[in-house]
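Notes to accompany the following structure.
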Amino acid sequence: MSTIYILWLRQLKRYVRSKQRMFASLAQPLLFLVAFGFGFSSIFAKAGGGNYIEFLAPGIIAMSVMFTAVFSGIEIIWDKQYGFLKETLVAPVSRFNIMLGRTLGGATVAFIQGIIVLIITLFIGFKPVVSGIFLAIVFMFLLALFFTAFGTAIASKLDDMQGFPLIINFIVMPLFFLSGALFPIAGLPAVFADIVKLNPLSYAVDGVRGALTGMHTFSFFTDGIVLTLITLVCLWIGAELFKRIQA
């Protein structure tokens, strides 16, 4: 347990000490909130969708958690290049504990980022259902854990720091735009509706939105079961790939 705690704490300390990283990671969600939230609010209202900020904010919160979590994997490549990972892997401790500590640390950082974005949305007019905040927090942490494990799995197979962002963006951007974070998924053409249902991020966005606003497409049970299962699978895959890294 000490290994897991130390590596978890290391991730948090790196985040807190990097003020530039903290502020830069807020730029994208703020841009989406302001540009989309105010730019399309009148169109959304005229189409009968109601208050677009209320609809958009949970999706942007989920987006912030996802991007922060998945890009934490690049730290593995960084540690590979600077020798820290080699020193960690040759230590007489379980590689699974090393991977779990790093993953929990990255997930905690992403979760904190999501909480900050949630607080910011309150200042632009978002009014969440207070009784649903705890449930939203559960979905946010599951989302953070899933995408941190996913980023770890990808980074375990790469040595090129420049290639990691390209591969990640190629994967996560379609996931984001086809998750219902920016637009309602009800009434989509059948092909796109099927893609949305296969997208794991859709269930996280739906769970967070349902908890904070009461608007959701799937049931909380479905959102929770799907997100939990894919998180466990991704943790297992990430652990297996991490074990195969050559020290």
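Chain labels run A, B, ... following the order of the structure tokens; each chain numbers its residues from 1, and ligands are numbered from 1 in the order shown.
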
I'd like to know which residues of segment 93-175 of chain A are alpha helix (DSSP H) (by DSSP, run on the backbone); could you write them as a PyMOL selection string? chain A and resi 95-122+133-156+163-175

Which residues are close to segment 65-72 of chain A, i.e. within 9 Å by only C-alpha atoms, leaving aside same-chain residues fewer than 4 positions away? Reply as a ChimeraX atom specification. /A:25,60-61,76,103,106-115,140-141,143-152,164-165,168,172,176,201

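Residues lying within 9 Å of Leu142 of chain A, counting only C-alpha atoms and ignoring same-chain neighbours fewer than 4 positions away, are Ala107, Ile137, Val138, Phe146, Phe147, Ala204, Gly224, Leu227, Thr228 and Thr231 of chain A.
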
For Lys80 of chain A, which residue among A:Val196, A:Leu33, A:Met99, A:Met161 is the nearest when counting only C-alpha atoms?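 Of A:Val196, A:Leu33, A:Met99, A:Met161, the one nearest Lys80 of chain A is A:Met161, counting only C-alpha atoms.
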
Between atom CA of Leu26 of chain A and atom CA of Asp159 of chain A, what is the distance, to one decimal in Å?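 Between atom CA of Leu26 of chain A and atom CA of Asp159 of chain A the gap works out to 27.3 Å.
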
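Of note, atom CA of Ala186 of chain A and atom CA of Thr213 of chain A are spaced 16.5 Å apart.
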
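As for atom CA of Asp206 of chain A and atom CA of Ala181 of chain A, they are spaced 8.2 Å apart.
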
May I ask which of the residues A:Leu158, A:Val233, A:Val34, A:Ile116 is the closest one to Ile74 of chain A, counting only C-alpha atoms? A:Leu158

Of A:Gly105, A:Pro174, A:Pro128, A:Gly187, the one sitting nearest Ile53 of chain A when using only C-alpha atoms is A:Pro128

Between A:Phe170, A:Phe123, A:Phe139, A:Phe242, single out the one closest to Leu30 of chain A, counting only C-alpha atoms. A:Phe123

Of the candidates A:Ala27, A:Ile154, A:Leu100, A:Ile245, which one gets nearest to Lys86 of chain A if we count only C-alpha atoms? A:Ile245

Selection: 8 Å around Gly59 of chain A, only C-alpha atoms, excl. self and same-chain fewer than 6 positions, as number ranges by chain: A: 180-182, 205, 208-209

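Of the listed residues (A:Gly163, A:Pro58, A:Gly73, A:Gly39), A:Pro58 comes nearest to Ile133 of chain A; the distances count only C-alpha atoms.
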